[in-house]
Structures are given as structure tokens and as C-alpha cells.
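J.: What follows is model.txt, made up of compact mmCIF, C-alpha atoms and all ligand atoms:
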```
# COMPACT_ATOMS: atom_id res chain seq x y z
CA MET A 948 -11.68 -25.76 17.89
CA ASN A 949 -13.09 -22.69 19.70
CA TYR A 950 -12.30 -18.99 19.64
CA ALA A 951 -13.42 -15.61 20.95
CA VAL A 952 -13.62 -12.56 18.73
CA VAL A 953 -13.08 -8.88 19.46
CA ILE A 954 -14.93 -6.65 16.99
CA PRO A 955 -13.65 -3.05 16.93
CA ALA A 956 -16.59 -0.83 15.91
CA ALA A 957 -15.69 2.43 17.69
CA GLY A 958 -14.49 4.47 14.72
CA GLN A 959 -16.03 7.65 13.33
CA GLY A 960 -16.48 6.49 9.74
CA LYS A 961 -15.11 9.80 8.42
CA ARG A 962 -14.07 8.45 5.00
CA MET A 963 -17.57 6.99 4.48
CA GLN A 964 -18.95 10.55 4.67
CA ALA A 965 -22.18 9.23 6.20
CA GLY A 966 -22.24 11.85 8.95
CA HIS A 967 -22.27 9.10 11.58
CA ASN A 968 -20.53 5.86 12.49
CA LYS A 969 -20.74 3.61 9.44
CA GLN A 970 -21.47 0.62 11.67
CA PHE A 971 -25.12 1.77 11.71
CA LEU A 972 -25.43 2.10 7.92
CA VAL A 973 -28.18 -0.19 6.65
CA LEU A 974 -27.36 -2.75 3.95
CA GLU A 975 -30.37 -4.71 2.69
CA GLU A 976 -32.42 -3.89 5.83
CA ARG A 977 -29.65 -4.84 8.29
CA PRO A 978 -27.17 -2.50 9.99
CA LEU A 979 -23.54 -3.10 8.99
CA ILE A 980 -22.52 -4.18 12.49
CA ILE A 981 -25.29 -6.80 12.47
CA HIS A 982 -24.08 -8.24 9.17
CA THR A 983 -20.63 -8.60 10.70
CA ALA A 984 -21.67 -9.88 14.14
CA SER A 985 -24.05 -12.41 12.54
CA VAL A 986 -21.11 -14.20 10.90
CA PHE A 987 -19.75 -15.03 14.35
CA GLU A 988 -23.17 -15.64 15.91
CA GLN A 989 -23.70 -18.35 13.30
CA ASP A 990 -20.22 -19.91 13.62
CA PRO A 991 -20.31 -22.82 16.12
CA TRP A 992 -16.55 -22.36 16.73
CA CYS A 993 -17.16 -18.85 18.07
CA LYS A 994 -17.87 -18.96 21.81
CA GLU A 995 -17.86 -15.27 22.68
CA ILE A 996 -18.05 -11.86 21.01
CA ILE A 997 -16.70 -8.63 22.52
CA VAL A 998 -17.75 -5.49 20.64
CA VAL A 999 -15.87 -2.22 21.08
CA ALA A 1000 -17.99 0.90 20.56
CA ASN A 1001 -18.04 4.66 21.08
CA ALA A 1002 -19.28 5.49 24.58
CA SER A 1003 -22.27 7.35 23.12
CA GLU A 1004 -23.22 4.36 20.99
CA ILE A 1005 -23.04 1.51 23.50
CA TYR A 1006 -26.76 1.54 24.32
CA ASP A 1007 -27.77 1.62 20.64
CA MET A 1008 -25.39 -1.23 19.85
CA GLU A 1009 -26.72 -3.32 22.75
CA GLU A 1010 -30.30 -2.70 21.60
CA LEU A 1011 -29.40 -3.78 18.05
CA PHE A 1012 -27.85 -7.02 19.30
CA LYS A 1013 -31.01 -7.79 21.29
CA GLU A 1014 -33.27 -6.92 18.33
CA TRP A 1015 -31.29 -9.11 15.92
CA GLY A 1016 -30.67 -12.07 18.25
CA ILE A 1017 -26.88 -11.69 18.55
CA ARG A 1018 -26.63 -13.61 21.82
CA LYS A 1019 -22.90 -14.34 21.92
CA VAL A 1020 -22.04 -10.68 22.61
CA LYS A 1021 -20.71 -10.85 26.17
CA GLN A 1022 -19.87 -7.17 26.47
CA VAL A 1023 -19.94 -3.89 24.53
CA VAL A 1024 -16.98 -1.87 25.81
CA VAL A 1025 -15.76 1.68 25.21
CA GLY A 1026 -13.08 2.09 22.55
CA GLY A 1027 -10.23 4.56 22.20
CA ASN A 1028 -8.90 7.21 19.84
CA GLU A 1029 -7.14 4.74 17.57
CA ARG A 1030 -8.25 1.32 16.32
CA GLN A 1031 -5.37 -0.20 18.30
CA ASN A 1032 -6.60 1.38 21.53
CA SER A 1033 -10.07 0.02 20.88
CA VAL A 1034 -8.82 -3.49 20.20
CA HIS A 1035 -6.74 -3.38 23.37
CA GLU A 1036 -9.81 -2.44 25.42
CA GLY A 1037 -11.63 -5.38 23.90
CA LEU A 1038 -8.82 -7.83 24.59
CA LYS A 1039 -8.81 -6.79 28.27
CA CYS A 1040 -12.38 -8.09 28.59
CA LEU A 1041 -11.69 -11.59 27.33
CA ILE A 1042 -11.72 -14.38 29.88
CA PRO A 1043 -8.34 -16.21 29.98
CA GLU A 1044 -9.89 -19.57 29.07
CA HIS A 1045 -9.94 -18.75 25.38
CA GLN A 1046 -7.00 -20.38 23.60
CA VAL A 1047 -7.55 -18.59 20.30
CA VAL A 1048 -8.58 -14.96 19.91
CA LEU A 1049 -9.65 -13.22 16.71
CA VAL A 1050 -9.78 -9.51 15.96
CA HIS A 1051 -12.21 -8.57 13.21
CA ASP A 1052 -13.20 -5.14 11.93
CA GLY A 1053 -16.86 -4.33 12.35
CA ALA A 1054 -16.55 -2.78 8.90
CA ARG A 1055 -15.87 -6.16 7.23
CA PRO A 1056 -19.26 -7.93 6.90
CA PHE A 1057 -18.38 -10.48 4.21
CA VAL A 1058 -15.79 -12.80 5.77
CA GLU A 1059 -16.75 -16.44 5.21
CA GLN A 1060 -16.87 -19.17 7.84
CA ALA A 1061 -14.59 -21.53 5.90
CA ASP A 1062 -11.89 -18.85 5.73
CA ILE A 1063 -12.27 -18.13 9.45
CA HIS A 1064 -11.82 -21.81 10.25
CA ARG A 1065 -8.69 -22.13 8.10
CA LEU A 1066 -7.32 -19.05 9.83
CA VAL A 1067 -8.06 -20.38 13.33
CA GLU A 1068 -6.32 -23.67 12.55
CA GLN A 1069 -3.21 -21.82 11.36
CA ALA A 1070 -3.18 -19.50 14.39
CA GLU A 1071 -3.47 -22.46 16.71
CA GLN A 1072 -0.36 -23.99 15.11
CA THR A 1073 1.72 -20.87 14.36
CA GLY A 1074 0.67 -18.45 17.09
CA ALA A 1075 -0.62 -15.81 14.69
CA ALA A 1076 -2.29 -15.80 11.28
CA VAL A 1077 -3.93 -13.25 9.01
CA LEU A 1078 -6.23 -13.43 6.00
CA GLY A 1079 -5.07 -11.66 2.86
CA THR A 1080 -5.18 -11.52 -0.90
CA LYS A 1081 -2.46 -11.09 -3.48
CA MET A 1082 -2.09 -7.60 -4.87
CA LYS A 1083 -3.85 -7.06 -8.20
CA ASP A 1084 -2.51 -3.57 -8.86
CA THR A 1085 1.02 -2.31 -9.30
CA VAL A 1086 2.24 -0.52 -6.16
CA LYS A 1087 4.50 2.53 -6.24
CA ARG A 1088 6.12 4.57 -3.49
CA THR A 1089 5.72 8.35 -4.00
CA ASP A 1090 6.52 11.58 -2.22
CA GLY A 1091 2.96 12.65 -2.79
CA GLU A 1092 3.81 14.29 -6.08
CA LYS A 1093 6.15 12.04 -8.02
CA VAL A 1094 6.89 8.34 -8.10
CA LEU A 1095 9.99 7.32 -6.14
CA GLU A 1096 9.97 3.60 -6.94
CA THR A 1097 7.83 0.75 -8.20
CA ILE A 1098 7.62 -2.05 -5.66
CA ASP A 1099 7.90 -5.66 -6.79
CA ARG A 1100 4.36 -6.84 -6.04
CA SER A 1101 5.10 -10.58 -6.35
CA SER A 1102 5.48 -10.89 -2.57
CA LEU A 1103 2.94 -8.21 -1.59
CA TRP A 1104 -0.41 -9.12 -0.03
CA ALA A 1105 -3.28 -6.89 1.06
CA VAL A 1106 -4.11 -8.17 4.53
CA GLN A 1107 -7.60 -8.14 6.00
CA THR A 1108 -9.25 -9.20 9.21
CA PRO A 1109 -9.93 -11.52 11.01
CA GLN A 1110 -6.45 -11.67 12.39
CA ALA A 1111 -6.11 -14.70 14.65
CA PHE A 1112 -3.84 -15.45 17.58
CA GLN A 1113 -3.04 -17.74 20.43
CA ALA A 1114 -4.37 -15.60 23.29
CA ALA A 1115 -1.01 -15.20 25.04
CA VAL A 1116 0.68 -14.02 21.82
CA VAL A 1117 -1.72 -11.16 21.08
CA THR A 1118 -1.97 -10.11 24.73
CA GLU A 1119 1.82 -9.91 25.04
CA ALA A 1120 2.09 -7.95 21.78
CA TYR A 1121 -0.60 -5.44 22.72
CA ASP A 1122 0.77 -4.93 26.21
CA TYR A 1123 4.30 -4.41 24.82
CA ALA A 1124 3.04 -1.94 22.18
CA ALA A 1125 1.16 0.06 24.82
CA ALA A 1126 4.19 0.17 27.10
CA HIS A 1127 6.50 1.29 24.28
CA GLN A 1128 4.10 3.66 22.41
CA ILE A 1129 4.17 1.43 19.31
CA ILE A 1130 1.25 2.06 16.94
CA GLY A 1131 0.37 -0.26 14.06
CA THR A 1132 -2.45 -0.14 11.54
CA ASP A 1133 -3.28 -3.77 12.15
CA ASP A 1134 -2.88 -6.37 14.89
CA THR A 1135 -0.33 -8.81 13.43
CA SER A 1136 2.16 -5.93 12.93
CA LEU A 1137 2.46 -5.80 16.73
CA VAL A 1138 3.23 -9.52 16.83
CA GLU A 1139 5.79 -9.11 14.05
CA TYR A 1140 7.39 -6.35 16.15
CA MET A 1141 7.94 -8.97 18.86
CA GLY A 1142 9.81 -11.09 16.30
CA ARG A 1143 7.13 -13.79 16.28
CA PRO A 1144 5.94 -15.60 13.13
CA VAL A 1145 2.69 -14.65 11.41
CA LYS A 1146 1.13 -17.02 8.88
CA ILE A 1147 -0.56 -15.55 5.81
CA VAL A 1148 -3.77 -17.33 4.81
CA GLU A 1149 -5.29 -16.62 1.40
CA GLY A 1150 -8.80 -15.23 1.74
CA SER A 1151 -11.41 -13.75 -0.56
CA TYR A 1152 -11.46 -10.50 -2.50
CA ASP A 1153 -15.07 -10.22 -1.27
CA ASN A 1154 -13.84 -9.64 2.30
CA ILE A 1155 -13.71 -5.88 1.81
CA LYS A 1156 -13.58 -3.22 4.48
CA LEU A 1157 -16.41 -0.74 3.95
CA THR A 1158 -14.42 2.48 4.11
CA THR A 1159 -15.56 4.95 1.40
CA PRO A 1160 -18.95 5.48 -0.30
CA GLU A 1161 -17.92 3.41 -3.33
CA ASP A 1162 -17.55 0.39 -1.06
CA MET A 1163 -21.30 0.45 -0.35
CA VAL A 1164 -21.94 -0.04 -4.08
CA VAL A 1165 -19.58 -3.01 -4.11
CA ALA A 1166 -21.19 -4.34 -0.93
CA ARG A 1167 -24.64 -4.38 -2.53
CA ALA A 1168 -23.19 -6.24 -5.52
CA ILE A 1169 -21.61 -8.84 -3.23
CA LEU A 1170 -24.91 -9.34 -1.41
CA GLN A 1171 -26.75 -9.74 -4.72
CA LYS A 1172 -24.13 -12.23 -5.96
CA ARG A 1173 -24.63 -14.26 -2.78
CA ARG A 1174 -28.43 -14.13 -3.11
CA GLU A 1175 -28.02 -15.59 -6.59
CA GLY A 1176 -25.79 -18.33 -5.18
CA LYS A 1177 -22.76 -17.28 -7.23
CA ARG A 1178 -19.13 -17.42 -5.96
N1 LIG B 1 -10.69 4.42 17.19
C1 LIG B 1 -11.17 3.42 16.42
C2 LIG B 1 -11.00 3.44 15.00
C3 LIG B 1 -11.52 2.40 14.25
N2 LIG B 1 -12.17 1.39 14.89
C4 LIG B 1 -12.76 0.31 14.11
O1 LIG B 1 -11.75 -0.35 13.36
C5 LIG B 1 -12.32 -0.82 12.12
C6 LIG B 1 -11.45 -0.39 10.94
O2 LIG B 1 -11.32 1.01 10.99
P1 LIG B 1 -11.80 1.98 9.80
O3 LIG B 1 -12.33 1.20 8.66
O4 LIG B 1 -10.74 2.98 9.55
O5 LIG B 1 -13.06 2.71 10.48
P2 LIG B 1 -13.17 4.22 10.92
O6 LIG B 1 -12.01 4.58 11.79
O7 LIG B 1 -14.54 4.39 11.48
O8 LIG B 1 -13.07 4.98 9.53
P3 LIG B 1 -12.43 6.44 9.27
O9 LIG B 1 -10.94 6.23 9.40
O10 LIG B 1 -12.88 6.71 7.84
O11 LIG B 1 -13.03 7.37 10.28
C7 LIG B 1 -13.73 -0.27 12.02
O12 LIG B 1 -14.67 -1.31 12.26
C8 LIG B 1 -13.77 0.81 13.09
O13 LIG B 1 -15.04 0.97 13.69
C9 LIG B 1 -12.33 1.37 16.28
O14 LIG B 1 -12.94 0.43 16.83
N3 LIG B 1 -11.81 2.38 17.02
C1 LIG B 2 -6.81 -3.91 10.13
C2 LIG B 2 -7.01 -3.63 8.66
O1 LIG B 2 -8.37 -3.83 8.30
C3 LIG B 2 -6.14 -4.56 7.85
O2 LIG B 2 -6.23 -4.23 6.49
C4 LIG B 2 -6.67 -2.18 8.31
O3 LIG B 2 -5.31 -1.92 8.60
C5 LIG B 2 -7.52 -1.19 9.09
O4 LIG B 2 -7.18 0.11 8.63
P1 LIG B 2 -8.12 1.33 9.08
O5 LIG B 2 -7.54 2.56 8.46
O6 LIG B 2 -8.07 1.34 10.60
O7 LIG B 2 -9.46 1.00 8.56
```
As C-alpha cells, what does this structure read like?
Ligand SMILES: Nc1ccn([C@@H]2O[C@H](COP(=O)(O)OP(=O)(O)OP(=O)(O)O)[C@@H](O)[C@H]2O)c(=O)n1
Ligand SMILES: C[C@](O)(CO)[C@H](O)COP(=O)(O)O
T.:
Amino acid sequence: MNYAVVIPAAGQGKRMQAGHNKQFLVLEERPLIIHTASVFEQDPWCKEIIVVANASEIYDMEELFKEWGIRKVKQVVVGGNERQNSVHEGLKCLIPEHQVVLVHDGARPFVEQADIHRLVEQAEQTGAAVLGTKMKDTVKRTDGEKVLETIDRSSLWAVQTPQAFQAAVVTEAYDYAAAHQIIGTDDTSLVEYMGRPVKIVEGSYDNIKLTTPEDMVVARAILQKRREGKR
């Protein structure tokens, strides 16, 4: 079972309030993007990594990958204004031989290999699969001031990345979305738009996306928990 992964890392990191792209934030002596890329460097199923970066950051990213021995990175390509544009640029660089393609946020350093493998197996069978966790909080729709309705959370999942696909499925979905100006906040939503099935695969609450400063505190706690060998 082999796959290629596109890692979008071309955001601005505004919500992190770090004053620069959060991919370069250091967590326990390693830049965030290196934590994330290392997961795939160490996974024997992963045959190729494509990283999507800001044009001004490509050289720095390439130097980091050399310094940290991330050898599976085939290319660091320029991203776009939206995450979806960046992912699309990354997908265009993949060689057609790959049967299964993953998209994984550079801002999610804690995905585990066992979860990736379960996801890949599901994508290979279903065409598309996504990691997620069941909602722990009650979810309400509001108008920004008052509550409009409480949503039954029994069927709600918070989805993460990696999101995994048979290569033809994700390529078709991205090309269709680009041609019809369809914008989604994740990758499987574009496949859903095409009316194709997407399998949900239960992942870990540790697989957080480092988005706001509080997430860095949680990230350090996750790293410490792992150092202590706890689940
Ligand atoms: N134009 C963009 C926007 C986002 N991303 C990437 O998509 C992932 C998820 O996006 P998010 O967490 O929102 O990152 P940022 O866009 O950098 O954050 P913010 O919205 O706070 O600026 C990140 O790895 C980010 O680098 C990207 O490659 N290209
Ligand atoms: C793709 C994603 O990580 C799934 O939860 C999420 O939609 C990315 O959102 P962002 O605002 O681009 O970080």
C-alpha cells in the first residue's frame, strides 16, 4: 500500500499571531513543518511528499528539509490565496503513478501512522476517506448575536487531515471546483460536491491543527505525554 502526500504550508498563520508563518514556529527544538513532514518521512507507505509554500519561503523550507533529513520531499511549490488553491497547485505536481493521494495540513504535526494507514486502506476501497472525531461540545447555529438553533450533535464529527483519495477522484473534484468557482474549507467537501462517497475514519483528539496561540500550549502537552509514553 503506497501513497503520496501533498502538505499545504503556504498560509499566513494570522490567527496564531506569531507575526510570521506558523510553519516555522519551533516546538521542542524542531520547526512545526518538520514535525509534520517527519511523520511522512518515517512512514514506509509514503513514497513522495509535495510541500506547498509561500513563494518567499520556498528556499527556507528547502533548507529546513535538507537540514532535517526530509528526503521524500520531491518539490516545494508555490501556493495560492486560499488553502484550496494551494492544495490544487500541489496536486498538479504529483506523478500519475500514485494510486492514493493524501492531503495533510502542515499545521497538524501529531497525526499517527496507524491512523494514516487505516485511512489509506479506506480511501483505496471507497475512493475518499477522512479522519475525524466525534463532537464533544454542543453545537449551536447563531446569527452572531443570538442562538438560532441547537444542532443534534449525535451525527456531527469534527474532521481533520489527512484526507485520502484515489488519485483520479481528488483530481476530478479539484478540477471541477476550479472550473465552477466552488470553494470548500476542506478537500473531501469537493468530492462530496461531485456526489461521490466519503468514508469517515475515527482518529485521535491529539491530531489538532495548530491555529491559535492556545494550541501551542496543548501541543507542548501532547509532546510531553508522548515523551512519557502515555496514550
Ligand atoms: N492559502 C493557504 C492557506 C492555508 N494553507 C495551509 O493550510 C493549512 C490549514 O490552514 P490554516 O490552519 O488556516 O493556516 P493559515 O491559513 O496559515 O492560518 P490563518 O487562517 O490563521 O492565517 C495550513 O498548514 C496552512 O499553511 C495553505 O497552504 N495556503
Ligand atoms: C482542512 C481542515 O483542517 C479540516 O478540519 C480545516 O478545514 C482547515 O481549515 P483552515 O481554516 O484552512 O485552517
J.: Using all atoms listed in the file, can you tell me which of A:Gly1053, A:Pro991, A:Gly1091, A:Gly1037 comes closest to ligand LIG 1 (chain B)?
T.: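 With all atoms listed in the file as the atom set, the closest residue is A:Gly1053.
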J.: With all atoms listed in the file as the basis for distance, which of A:Trp1015, A:Tyr1123, A:Phe987, A:Trp1104 is at the shortest distance from Ile954 of chain A?
T.: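 Ranked by minimum distance to Ile954 of chain A, first place goes to A:Phe987.
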J.: For atom CA of Lys1019 of chain A and atom O10 of ligand LIG 1 (chain B), determine how far apart the two atoms are, in Å to one decimal place.
T.: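 According to the coordinates, atom CA of Lys1019 of chain A and atom O10 of ligand LIG 1 (chain B) are separated by 27.2 Å.
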J.: Counting all atoms listed in the file, figure out which residue out of A:Glu1009, A:Glu1092, A:Asp1162, A:Glu1068 gets nearest to ligand LIG 1 (chain B).
T.: A:Asp1162
J.: Pick out the residues no farther than 12 Å from ligand LIG 2 (chain B), counting only C-alpha atoms and all ligand atoms, and list them as a PyMOL selection string.
T.: chain A and resi 954-963+969+1028-1034+1049-1056+1058+1077-1080+1104-1111+1130-1137+1154-1159
J.: Choose the residue, out of A:Ala1070, A:Ala984, A:Ala1061, A:Ile1147, that has the smallest atom-to-atom separation from ligand LIG 1 (chain B); count all atoms listed in the file.
T.: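 Nearest candidate to ligand LIG 1 (chain B) out of A:Ala1070, A:Ala984, A:Ala1061, A:Ile1147: A:Ala984.
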